[in-house]
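For reference, input39.cif is printed below; it contains mmCIF, C-alpha atoms.
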data_entry
loop_
_atom_site.label_atom_id
_atom_site.label_comp_id
_atom_site.auth_asym_id
_atom_site.auth_seq_id
_atom_site.Cartn_x
_atom_site.Cartn_y
_atom_site.Cartn_z
CA MET N 1 -3.62 -7.98 25.40
CA THR N 2 -0.92 -8.72 27.92
CA GLU N 3 1.02 -11.00 25.66
CA LEU N 4 1.19 -10.49 21.94
CA THR N 5 0.44 -13.97 20.68
CA PRO N 6 0.12 -16.64 23.33
CA ALA N 7 1.21 -19.88 21.86
CA ASP N 8 -2.03 -21.58 22.69
CA GLU N 9 -4.22 -18.94 21.07
CA ARG N 10 -4.55 -17.93 17.45
CA PHE N 11 -4.01 -14.31 16.57
CA VAL N 12 -7.54 -13.05 16.84
CA ALA N 13 -7.20 -10.49 14.04
CA PHE N 14 -7.29 -13.35 11.59
CA ASP N 15 -10.83 -14.21 12.61
CA LEU N 16 -12.57 -14.74 9.31
CA ASP N 17 -15.91 -13.17 10.00
CA ASP N 18 -15.49 -10.52 12.62
CA THR N 19 -14.24 -7.31 11.01
CA VAL N 20 -14.91 -5.28 14.15
CA ARG N 21 -12.67 -7.51 16.23
CA GLU N 22 -10.12 -7.54 13.43
CA GLN N 23 -9.88 -3.75 13.45
CA ALA N 24 -9.90 -3.57 17.22
CA GLU N 25 -6.97 -5.96 17.39
CA LEU N 26 -5.05 -4.19 14.63
CA ASP N 27 -5.32 -0.68 16.05
CA GLY N 28 -8.13 0.21 13.69
CA HIS N 29 -6.63 -1.35 10.58
CA THR N 30 -7.71 -4.31 8.48
CA VAL N 31 -5.55 -7.07 7.05
CA GLU N 32 -6.36 -5.69 3.61
CA GLN N 33 -4.98 -2.26 4.53
CA LEU N 34 -1.84 -3.82 5.94
CA SER N 35 -1.43 -5.98 2.86
CA ASP N 36 -1.75 -2.94 0.60
CA TYR N 37 0.73 -1.10 2.82
CA LEU N 38 3.19 -3.95 2.36
CA ASP N 39 2.59 -3.96 -1.41
CA ARG N 40 3.55 -0.26 -1.43
CA GLY N 41 6.83 -1.15 0.25
CA ARG N 42 5.62 0.48 3.51
CA VAL N 43 5.94 3.94 1.98
CA PRO N 44 4.94 6.58 2.70
CA ALA N 45 5.59 5.47 6.27
CA ASP N 46 2.47 5.37 8.41
CA PRO N 47 3.45 5.72 12.09
CA ARG N 48 0.01 4.47 13.18
CA ILE N 49 0.91 1.16 11.56
CA ASP N 50 4.66 1.14 12.17
CA ASP N 51 4.28 1.93 15.87
CA SER N 52 1.64 -0.70 16.53
CA PRO N 53 2.96 -4.02 17.87
CA GLU N 54 -0.22 -5.76 16.72
CA CYS N 55 0.18 -4.43 13.19
CA GLU N 56 3.82 -5.44 13.25
CA ILE N 57 2.85 -9.00 14.05
CA ALA N 58 0.32 -9.05 11.24
CA LEU N 59 2.82 -7.48 8.83
CA ARG N 60 5.39 -10.12 9.75
CA GLY N 61 2.80 -12.77 9.00
CA LEU N 62 2.03 -11.15 5.65
CA GLU N 63 5.72 -10.96 4.84
CA ARG N 64 6.15 -14.61 5.67
CA LEU N 65 3.21 -15.37 3.45
CA ARG N 66 4.80 -13.37 0.66
CA ARG N 67 8.10 -15.23 1.01
CA ALA N 68 6.27 -18.55 0.95
CA ARG N 69 4.37 -17.41 -2.12
CA GLN N 70 7.59 -16.47 -3.91
CA ALA N 71 9.19 -19.77 -2.92
CA LEU N 72 6.14 -21.67 -4.15
CA LEU N 73 6.23 -19.83 -7.45
CA ALA N 74 9.94 -20.54 -7.83
CA ARG N 75 9.35 -24.21 -7.08
CA ASP N 76 6.48 -24.41 -9.56
CA LEU N 77 8.49 -22.64 -12.24
CA GLU N 78 11.39 -25.00 -11.68
CA ARG N 79 9.06 -27.96 -12.06
CA GLU N 80 7.73 -26.47 -15.28
CA SER N 81 11.22 -25.90 -16.64
CA LEU N 82 12.03 -29.58 -16.14
CA ARG N 83 9.22 -30.66 -18.43
CA ALA N 84 9.97 -32.09 -21.83
CA ASP N 85 10.21 -29.46 -24.49
CA ASP N 86 7.36 -30.75 -26.64
CA TRP N 87 4.89 -28.22 -25.29
CA VAL N 88 6.84 -25.47 -27.06
CA ALA N 89 6.78 -27.43 -30.30
CA SER N 90 3.08 -28.03 -30.04
CA ILE N 91 2.43 -24.30 -29.64
CA LEU N 92 4.67 -23.33 -32.55
CA ASP N 93 3.16 -26.05 -34.75
CA ASN N 94 -0.24 -24.53 -34.22
CA ILE N 95 0.46 -20.98 -35.25
CA THR N 96 0.38 -19.80 -38.80
CA LEU N 97 2.85 -17.43 -40.32
CA GLU N 98 0.12 -16.11 -42.61
CA ALA N 99 -1.14 -14.00 -39.73
CA HIS N 100 1.78 -11.66 -40.31
CA ALA N 101 2.27 -11.93 -44.06
CA GLY N 102 1.19 -8.33 -44.69
CA ARG N 103 0.93 -6.81 -48.15
CA ASP N 104 2.04 -8.39 -51.41
CA ILE N 105 5.02 -6.76 -53.09
CA PRO N 106 5.00 -7.47 -56.85
CA LEU N 107 8.06 -8.64 -58.77
CA THR N 108 8.32 -8.37 -62.54
CA HIS N 109 8.48 -11.50 -64.63
CA PRO N 110 9.12 -11.99 -68.36
CA SER N 111 5.83 -13.83 -68.80
CA PRO N 112 2.82 -11.47 -68.91
CA THR N 113 0.59 -14.13 -67.32
CA ALA N 114 2.81 -14.89 -64.35
CA ARG N 115 2.30 -12.97 -61.13
CA LEU N 116 5.20 -13.02 -58.73
CA VAL N 117 5.10 -11.46 -55.32
CA VAL N 118 7.13 -11.39 -52.16
CA THR N 119 5.14 -10.74 -49.00
CA GLU N 120 5.83 -7.84 -46.71
CA GLY N 121 6.29 -10.35 -43.88
CA ALA N 122 8.98 -12.21 -45.82
CA LEU N 123 10.74 -8.95 -46.61
CA ARG N 124 10.74 -7.94 -42.95
CA GLY N 125 12.26 -11.35 -42.28
CA ILE N 126 15.05 -10.60 -44.75
CA LEU N 127 15.72 -7.26 -43.06
CA ARG N 128 15.82 -8.91 -39.63
CA GLU N 129 18.18 -11.61 -40.81
CA THR N 130 20.45 -8.98 -42.28
CA GLY N 131 20.67 -7.43 -38.82
CA ASP N 132 21.03 -10.78 -37.08
CA SER N 133 24.05 -11.58 -39.22
CA MET N 134 25.80 -8.59 -37.66
CA GLN N 135 27.29 -8.64 -34.19
CA ASN N 136 26.25 -6.68 -31.14
CA MET N 137 22.80 -5.55 -32.16
CA PHE N 138 19.19 -6.68 -32.31
CA VAL N 139 16.92 -5.52 -35.09
CA GLY N 140 13.44 -4.88 -33.70
CA ARG N 141 10.46 -3.62 -35.64
CA CYS N 142 10.76 -3.05 -39.39
CA VAL N 143 8.13 -0.92 -41.08
CA LEU N 144 7.68 -0.39 -44.82
CA VAL N 145 6.13 3.04 -45.35
CA GLY N 146 4.54 3.76 -48.72
CA ASP N 147 2.63 1.92 -51.40
CA VAL N 148 4.71 -1.21 -51.92
CA SER N 149 2.08 -2.68 -54.24
CA VAL N 150 2.81 -0.20 -57.04
CA PRO N 151 6.17 -0.95 -58.69
CA GLY N 152 8.51 2.01 -58.83
CA THR N 153 6.87 3.98 -56.01
CA PRO N 154 9.59 5.21 -53.66
CA ILE N 155 9.16 3.84 -50.17
CA LEU N 156 10.69 4.49 -46.80
CA ILE N 157 11.86 1.84 -44.37
CA ARG N 158 11.93 2.41 -40.63
CA VAL N 159 13.99 0.06 -38.49
CA ASP N 160 14.34 -0.08 -34.69
CA VAL N 161 17.67 -1.37 -33.48
CA THR N 162 19.06 -2.21 -30.07
CA VAL N 163 22.82 -1.80 -29.94
CA PHE N 164 24.96 -3.33 -27.21
CA PRO N 165 26.82 -0.97 -24.89
CA GLY N 166 30.23 0.17 -26.08
CA GLU N 167 29.47 0.05 -29.80
CA ASN N 168 30.04 2.91 -32.19
CA ILE N 169 26.41 3.60 -32.97
CA PRO N 170 26.74 5.77 -36.12
CA LEU N 171 29.20 3.31 -37.64
CA LEU N 172 27.08 0.27 -36.84
CA ALA N 173 23.93 1.96 -38.14
CA GLU N 174 25.63 2.83 -41.41
CA ARG N 175 26.91 -0.72 -41.89
CA LEU N 176 23.43 -2.05 -41.21
CA ARG N 177 21.91 0.43 -43.66
CA GLN N 178 24.29 -0.62 -46.42
CA ALA N 179 23.68 -4.31 -45.74
CA MET N 180 19.92 -3.76 -45.86
CA TYR N 181 20.13 -1.83 -49.15
CA ALA N 182 22.11 -4.71 -50.60
CA ALA N 183 19.61 -7.33 -49.40
CA LEU N 184 16.66 -5.32 -50.70
CA SER N 185 18.17 -4.93 -54.13
CA ARG N 186 18.98 -8.63 -54.22
CA TYR N 187 15.45 -9.80 -53.42
CA THR N 188 13.11 -7.00 -54.54
CA GLU N 189 12.67 -4.25 -57.09
CA LEU N 190 11.61 -1.74 -54.47
CA VAL N 191 12.76 1.84 -54.87
CA VAL N 192 13.93 2.63 -51.38
CA ALA N 193 14.20 6.36 -50.77
CA ALA N 194 15.63 5.98 -47.29
CA ILE N 195 16.23 3.58 -44.43
CA ASP N 196 15.65 5.33 -41.11
CA ILE N 197 17.37 3.52 -38.27
CA THR N 198 16.33 4.36 -34.74
CA VAL N 199 18.64 3.16 -32.00
CA SER N 200 16.00 2.86 -29.32
CA ASP N 201 17.62 1.17 -26.40
CA LEU N 202 21.01 0.17 -25.11
CA HIS N 203 20.03 -2.67 -22.81
CA ALA N 204 21.35 -6.00 -23.93
CA LEU N 205 19.95 -8.04 -21.07
CA PRO N 206 16.40 -9.24 -20.55
CA ASP N 207 14.08 -7.28 -18.32
CA VAL N 208 14.93 -7.33 -14.66
CA SER N 209 11.52 -8.83 -13.92
CA VAL N 210 12.39 -11.89 -15.94
CA ARG N 211 15.58 -12.56 -14.08
CA GLU N 212 13.79 -12.12 -10.78
CA MET N 213 11.07 -14.46 -11.86
CA GLU N 214 13.45 -17.16 -12.95
CA ARG N 215 15.54 -17.07 -9.85
CA MET Q 1 9.52 -19.71 -44.91
CA SER Q 2 7.88 -22.67 -43.22
CA GLY Q 3 6.48 -23.06 -39.75
CA THR Q 4 8.65 -25.99 -38.78
CA VAL Q 5 10.01 -25.96 -35.29
CA ARG Q 6 13.69 -25.50 -34.82
CA ASP Q 7 15.57 -27.59 -32.35
CA GLN Q 8 16.18 -25.78 -29.15
CA VAL Q 9 19.47 -24.01 -29.58
CA ALA Q 10 20.83 -21.11 -27.63
CA SER Q 11 19.82 -18.15 -29.70
CA PRO Q 12 21.29 -14.69 -29.32
CA LEU Q 13 17.67 -13.59 -29.04
CA ASP Q 14 17.47 -15.35 -25.66
CA ALA Q 15 19.16 -12.27 -24.26
CA ALA Q 16 16.91 -9.77 -26.01
CA ALA Q 17 14.59 -7.53 -24.02
CA ASP Q 18 10.86 -8.16 -24.06
CA GLN Q 19 10.25 -5.13 -26.25
CA VAL Q 20 12.53 -6.33 -29.04
CA LEU Q 21 11.01 -9.80 -28.93
CA ALA Q 22 7.44 -8.53 -28.90
CA GLU Q 23 8.08 -6.21 -31.84
CA ARG Q 24 9.86 -8.85 -33.87
CA ALA Q 25 7.12 -11.36 -33.14
CA ALA Q 26 4.51 -8.78 -34.18
CA ASP Q 27 6.44 -8.51 -37.45
CA GLY Q 28 6.09 -12.27 -37.88
CA ASP Q 29 9.37 -13.52 -36.39
CA LEU Q 30 8.70 -17.01 -35.11
CA ARG Q 31 12.11 -17.26 -33.42
CA ALA Q 32 11.43 -14.19 -31.30
CA PHE Q 33 8.02 -15.56 -30.44
CA GLU Q 34 9.58 -18.86 -29.41
CA VAL Q 35 11.82 -17.01 -26.95
CA LEU Q 36 8.73 -15.37 -25.45
CA VAL Q 37 7.00 -18.75 -25.24
CA ARG Q 38 9.97 -20.18 -23.34
CA ARG Q 39 10.34 -17.11 -21.17
CA TYR Q 40 6.73 -16.79 -20.03
CA GLY Q 41 5.11 -20.13 -20.84
CA PRO Q 42 6.13 -21.71 -17.50
CA LEU Q 43 4.68 -18.81 -15.52
CA MET Q 44 1.48 -18.98 -17.56
CA ARG Q 45 1.24 -22.72 -16.91
CA VAL Q 46 1.75 -22.26 -13.19
CA TYR Q 47 -0.92 -19.61 -13.22
CA ALA Q 48 -3.45 -21.64 -15.25
CA THR Q 49 -2.82 -24.64 -13.01
CA ARG Q 50 -3.58 -22.60 -9.91
CA VAL Q 51 -6.84 -21.41 -11.42
CA LEU Q 52 -7.96 -24.64 -13.05
CA GLY Q 53 -6.40 -27.29 -10.84
CA PHE Q 54 -4.13 -30.02 -12.17
CA ASN Q 55 -5.72 -31.41 -15.30
CA ASP Q 56 -5.23 -31.64 -19.03
CA GLU Q 57 -7.01 -28.34 -19.63
CA THR Q 58 -3.94 -26.39 -18.58
CA ASP Q 59 -2.00 -27.33 -21.70
CA ASP Q 60 -4.92 -26.33 -23.90
CA VAL Q 61 -5.37 -23.01 -22.16
CA VAL Q 62 -1.71 -22.08 -22.45
CA GLN Q 63 -1.58 -23.16 -26.07
CA GLU Q 64 -4.73 -21.19 -26.94
CA SER Q 65 -3.30 -18.19 -25.13
CA PHE Q 66 -0.14 -18.19 -27.22
CA ILE Q 67 -2.07 -18.68 -30.45
CA THR Q 68 -4.22 -15.68 -29.56
CA ALA Q 69 -1.11 -13.74 -28.60
CA TRP Q 70 0.56 -14.49 -31.92
CA GLN Q 71 -2.49 -13.29 -33.83
CA GLN Q 72 -2.97 -10.15 -31.76
CA LEU Q 73 0.60 -9.06 -31.09
CA GLY Q 74 0.13 -6.22 -33.54
CA THR Q 75 -2.39 -4.67 -31.15
CA LEU Q 76 0.10 -4.50 -28.30
CA ASP Q 77 1.23 -0.88 -28.17
CA ASP Q 78 4.10 -1.25 -25.73
CA GLY Q 79 6.24 -4.34 -26.17
CA ARG Q 80 7.70 -3.86 -22.70
CA ALA Q 81 4.27 -4.79 -21.30
CA VAL Q 82 4.20 -8.15 -23.06
CA LYS Q 83 4.45 -10.15 -19.83
CA SER Q 84 1.37 -8.60 -18.23
CA TRP Q 85 -0.40 -8.74 -21.59
CA LEU Q 86 0.26 -12.49 -21.81
CA MET Q 87 -0.87 -12.96 -18.21
CA ARG Q 88 -4.09 -11.16 -19.03
CA ILE Q 89 -4.72 -13.44 -21.99
CA VAL Q 90 -4.12 -16.61 -20.00
CA SER Q 91 -6.31 -15.25 -17.20
CA ARG Q 92 -9.20 -14.68 -19.59
CA LYS Q 93 -8.80 -18.11 -21.17
CA SER Q 94 -8.65 -19.78 -17.76
CA ILE Q 95 -11.74 -17.97 -16.55
CA ASP Q 96 -13.57 -18.85 -19.77
CA ARG Q 97 -12.76 -22.50 -19.10
CA LEU Q 98 -14.14 -22.27 -15.60
CA ARG Q 99 -17.34 -20.72 -16.90
CA ALA Q 100 -17.70 -23.37 -19.58
CA ARG Q 101 -17.06 -26.09 -17.03
CA ARG Q 102 -19.68 -24.62 -14.76
CA ALA Q 103 -22.25 -24.22 -17.51
CA HIS Q 104 -21.63 -27.81 -18.49
CA VAL Q 105 -22.01 -29.28 -15.03
CA ASN Q 106 -24.59 -26.69 -14.03
CA ILE Q 107 -23.60 -26.73 -10.40
CA GLU Q 108 -22.61 -23.41 -8.96
CA ASP Q 109 -19.89 -24.52 -6.59
CA THR Q 110 -18.16 -27.28 -8.50
CA ASP Q 111 -14.58 -27.16 -7.45
CA ALA Q 112 -11.54 -27.87 -9.54
CA PRO Q 113 -10.20 -31.41 -9.35
CA ALA Q 114 -8.06 -31.90 -6.30
CA PRO Q 115 -4.59 -30.56 -6.98
CA GLU Q 116 -1.88 -33.10 -6.54
CA SER Q 117 -0.54 -31.26 -3.51
CA THR Q 118 -3.37 -32.74 -1.43
CA ALA Q 119 -2.30 -36.28 -2.26
CA PRO Q 120 -1.63 -38.10 1.02
CA HIS Q 121 2.00 -38.81 0.28
CA VAL Q 122 2.66 -35.11 -0.09
CA VAL Q 123 1.13 -34.17 3.24
CA ALA Q 124 4.17 -35.13 5.20
CA GLU Q 125 4.31 -34.64 8.91
CA VAL Q 126 6.97 -32.04 8.58
CA GLU Q 127 6.38 -29.88 5.55
CA SER Q 128 8.07 -26.75 4.42
CA GLN Q 129 6.16 -23.51 4.39
CA THR Q 130 6.14 -23.70 0.62
CA GLU Q 131 4.39 -27.03 0.61
CA ALA Q 132 2.09 -25.90 3.36
CA LEU Q 133 1.10 -22.86 1.33
CA ALA Q 134 0.41 -25.03 -1.71
CA ARG Q 135 -1.81 -27.25 0.41
CA VAL Q 136 -3.71 -24.40 2.08
CA LEU Q 137 -4.17 -22.70 -1.28
CA ALA Q 138 -5.55 -25.90 -2.73
CA ASP Q 139 -8.03 -26.12 0.11
CA LEU Q 140 -9.32 -22.58 -0.32
CA PRO Q 141 -12.78 -22.24 -1.84
CA GLU Q 142 -12.44 -21.82 -5.58
CA ASP Q 143 -13.63 -18.21 -5.73
CA GLN Q 144 -11.15 -17.16 -3.05
CA ARG Q 145 -8.29 -19.00 -4.69
CA ARG Q 146 -9.07 -17.41 -8.03
CA CYS Q 147 -9.07 -13.88 -6.58
CA TRP Q 148 -5.87 -14.54 -4.67
CA THR Q 149 -4.18 -15.97 -7.75
CA LEU Q 150 -5.18 -13.04 -9.92
CA ARG Q 151 -3.93 -10.65 -7.27
CA GLU Q 152 -0.72 -12.37 -6.21
CA LEU Q 153 0.42 -14.22 -9.34
CA ALA Q 154 -1.01 -12.13 -12.15
CA GLU Q 155 -0.64 -8.89 -10.17
CA TYR Q 156 -4.11 -7.63 -11.02
CA SER Q 157 -5.60 -4.62 -9.28
CA TYR Q 158 -8.76 -5.16 -7.25
CA HIS Q 159 -10.64 -3.28 -9.91
CA ASP Q 160 -9.32 -5.52 -12.71
CA ILE Q 161 -10.19 -8.65 -10.74
CA ALA Q 162 -13.76 -7.40 -10.32
CA PHE Q 163 -13.95 -6.65 -14.03
CA GLU Q 164 -12.55 -10.00 -15.16
CA LEU Q 165 -14.68 -12.08 -12.80
CA HIS Q 166 -17.85 -10.01 -13.23
CA LEU Q 167 -18.04 -9.44 -9.50
CA PRO Q 168 -18.74 -6.32 -7.46
CA LEU Q 169 -15.58 -4.72 -6.09
CA SER Q 170 -16.85 -5.24 -2.55
CA THR Q 171 -17.18 -8.97 -3.19
CA VAL Q 172 -13.62 -9.15 -4.50
CA ARG Q 173 -12.36 -7.32 -1.42
CA GLY Q 174 -14.29 -9.70 0.81
CA LEU Q 175 -12.98 -12.82 -0.99
CA LEU Q 176 -9.41 -11.58 -0.90
CA ALA Q 177 -9.67 -10.66 2.76
CA ARG Q 178 -10.98 -14.11 3.63
CA ALA Q 179 -8.29 -15.80 1.54
CA ARG Q 180 -5.52 -13.77 3.18
CA LYS Q 181 -6.84 -14.30 6.68
CA THR Q 182 -7.18 -18.03 6.13
CA LEU Q 183 -3.62 -18.20 4.81
CA LEU Q 184 -2.30 -16.09 7.68
CA ARG Q 185 -4.18 -18.11 10.26
CA GLU Q 186 -2.85 -21.35 8.86
CA MET Q 187 0.63 -19.89 8.89
CA GLU Q 188 0.35 -19.22 12.60
CA ASP Q 189 0.80 -22.95 12.94
CA TRP Q 190 3.90 -23.07 10.79
CA ARG Q 191 6.22 -21.18 13.08
#
What would the structure in this file look like if it were written as structure tokens?
Amino acid sequence: MTELTPADERFVAFDLDDTVREQAELDGHTVEQLSDYLDRGRVPADPRIDDSPECEIALRGLERLRRARQALLARDLERESLRADDWVASILDNITLEAHAGRDIPLTHPSPTARLVVTEGALRGILRETGDSMQNMFVGRCVLVGDVSVPGTPILIRVDVTVFPGENIPLLAERLRQAMYAALSRYTELVVAAIDITVSDLHALPDVSVREMER
Amino acid sequence: MSGTVRDQVASPLDAAADQVLAERAADGDLRAFEVLVRRYGPLMRVYATRVLGFNDETDDVVQESFITAWQQLGTLDDGRAVKSWLMRIVSRKSIDRLRARRAHVNIEDTDAPAPESTAPHVVAEVESQTEALARVLADLPEDQRRCWTLRELAEYSYHDIAFELHLPLSTVRGLLARARKTLLREMEDWR
């Protein structure tokens, strides 16, 4: 090849059917190999690819394709974000909270024939709301360990919490613990032996991937 | 606690990491789930549209995907992986639709309805690379487009694509290679 890509001729490596020609034109490589190489961020560096002008041309094409793909995705996402919000409502209307109700936790009642319960799911909701009413933290998973169905059985509660940077973690955890004890005693008759709070993560911002995607 | 939908208000949870949201949603927190729906629903719609073409099935597929997700969130071990987990669900649902459509019509190579990007008014004389890519993608044979979409939008491995589509790995490689080469060849003209 005297000239890399004459303007009047397509780059022959992109011939759809001829793998032999493809490899011959790409110094023994295929478009798939080059694409995988690009996906790996061109590391570890492969001099047989990096030093080949033909591969470089193909890689530039693949990079351009990648940029166009990202731009297309961004455009499509923007179009989606401009839609009316009713699609969210229609999804939420069609899910049932029962799926996460969990076990029944009995409450005593003066009448021997009445049976009162609060569901585990509702109780987890109360614990979450207790955390949400406090600043600079997110309550994550709440687990009730022990037999909540038998009144008087001591149980353990495990709570995952994300605390924002700069907070006094022990102080915040203790305030949360006290607030949760208070809420539990207000709404249930559970005997809570302990509330274990695990501060699992200090990141307050969404995942990096999300921000990249939304850009 | 009722399932009524709240008005869209900026919630502190909007800033929460995927893991927190996934775990709260698995515990039954509808607000956390709503944030996930808003965060990843658009991407899932874009994805389903690429696989299925522009039609009213996309809404159904995305809705079904989130309903399944809500029911099965407890099985997700690592909340940080919720995005790829959701993409996997919407991929499966989309592929199921394609199969059902095919079984119904009983023609092996029925293509998706023409995406709107091929509408004449969109094919302007001077088009951006983005629009050109949308058009070339739309013109790809369905099996190539599906492989490319799984690979490039849903970030599936070759192996996972083969598994999901019930195709030999060699076939997936061949379809992807053809899709890439077609796209690259078309792009030669864009410079």
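We find CA of Asp77 in chain Q and CA of Leu97 in chain N to be spaced 20.6 Å apart.
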Take the PyMOL selection byres ((chain Q) within 6 of (chain N)), apply it to the structure above, and return the hits as a PyMOL selection string.
chain Q and resi 15-17+20+23-24+28+42+63+67+130+178+181+185
Just write the chosen residues, C-alpha atoms, as an mmCIF file, in the coordinates of the input.
data_model
loop_
_atom_site.group_PDB
_atom_site.id
_atom_site.type_symbol
_atom_site.label_atom_id
_atom_site.label_comp_id
_atom_site.auth_asym_id
_atom_site.auth_seq_id
_atom_site.Cartn_x
_atom_site.Cartn_y
_atom_site.Cartn_z
ATOM 1 C CA ALA Q 15 19.160 -12.270 -24.260
ATOM 2 C CA ALA Q 16 16.910 -9.770 -26.010
ATOM 3 C CA ALA Q 17 14.590 -7.530 -24.020
ATOM 4 C CA VAL Q 20 12.530 -6.330 -29.040
ATOM 5 C CA GLU Q 23 8.080 -6.210 -31.840
ATOM 6 C CA ARG Q 24 9.860 -8.850 -33.870
ATOM 7 C CA GLY Q 28 6.090 -12.270 -37.880
ATOM 8 C CA PRO Q 42 6.130 -21.710 -17.500
ATOM 9 C CA GLN Q 63 -1.580 -23.160 -26.070
ATOM 10 C CA ILE Q 67 -2.070 -18.680 -30.450
ATOM 11 C CA THR Q 130 6.140 -23.700 0.620
ATOM 12 C CA ARG Q 178 -10.980 -14.110 3.630
ATOM 13 C CA LYS Q 181 -6.840 -14.300 6.680
ATOM 14 C CA ARG Q 185 -4.180 -18.110 10.260
#
Around the point (-14.3, -18.4, -10.7) in the file's coordinates, collect all residues with an atom within 7 Å, using only C-alpha atoms, and return them as a list of chain:residue names.
Q:Ile95, Q:Leu98, Q:Glu142, Q:Asp143, Q:Arg146, Q:Leu165
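CA of Val117 in chain N is found 16.6 Å from CA of Gly146 in chain N.
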How would you write, as a ChimeraX atom specification, the residues chosen by the PyMOL selection byres ((chain N and resi 27) around 9) on this structure?
/N:22-26,28-30,48-49,52,54-55
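The neighbours of Leu190 in chain N here are the residues that come within 8 Å of it, using all atoms listed in the file and leaving out any residue fewer than 3 positions away in the same chain; they are Val148, Pro151, Gly152, Thr153, Pro154, Ile155, Leu184 and Ser185 of chain N.
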Once the PyMOL selection byres ((chain Q and resi 140) around 12) has been evaluated on this model, what residues remain selected, and can you format them as a PyMOL selection string?
chain Q and resi 50-51+53+111-112+114-115+118+133-139+141-149+175-176+178-183+186
Using C-alpha atoms, can you export the residues from the last selection as a tab-separated table (two decimals), in the frame of the given file?
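Final output, saved to again.tsv:
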chain	number	residue	atom	x	y	z
Q	50	ARG	CA	-3.58	-22.60	-9.91
Q	51	VAL	CA	-6.84	-21.41	-11.42
Q	53	GLY	CA	-6.40	-27.29	-10.84
Q	111	ASP	CA	-14.58	-27.16	-7.45
Q	112	ALA	CA	-11.54	-27.87	-9.54
Q	114	ALA	CA	-8.06	-31.90	-6.30
Q	115	PRO	CA	-4.59	-30.56	-6.98
Q	118	THR	CA	-3.37	-32.74	-1.43
Q	133	LEU	CA	1.10	-22.86	1.33
Q	134	ALA	CA	0.41	-25.03	-1.71
Q	135	ARG	CA	-1.81	-27.25	0.41
Q	136	VAL	CA	-3.71	-24.40	2.08
Q	137	LEU	CA	-4.17	-22.70	-1.28
Q	138	ALA	CA	-5.55	-25.90	-2.73
Q	139	ASP	CA	-8.03	-26.12	0.11
Q	141	PRO	CA	-12.78	-22.24	-1.84
Q	142	GLU	CA	-12.44	-21.82	-5.58
Q	143	ASP	CA	-13.63	-18.21	-5.73
Q	144	GLN	CA	-11.15	-17.16	-3.05
Q	145	ARG	CA	-8.29	-19.00	-4.69
Q	146	ARG	CA	-9.07	-17.41	-8.03
Q	147	CYS	CA	-9.07	-13.88	-6.58
Q	148	TRP	CA	-5.87	-14.54	-4.67
Q	149	THR	CA	-4.18	-15.97	-7.75
Q	175	LEU	CA	-12.98	-12.82	-0.99
Q	176	LEU	CA	-9.41	-11.58	-0.90
Q	178	ARG	CA	-10.98	-14.11	3.63
Q	179	ALA	CA	-8.29	-15.80	1.54
Q	180	ARG	CA	-5.52	-13.77	3.18
Q	181	LYS	CA	-6.84	-14.30	6.68
Q	182	THR	CA	-7.18	-18.03	6.13
Q	183	LEU	CA	-3.62	-18.20	4.81
Q	186	GLU	CA	-2.85	-21.35	8.86
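Rounded to one decimal, CA of Leu36 in chain Q and CA of Thr68 in chain Q lie 13.6 Å from each other.
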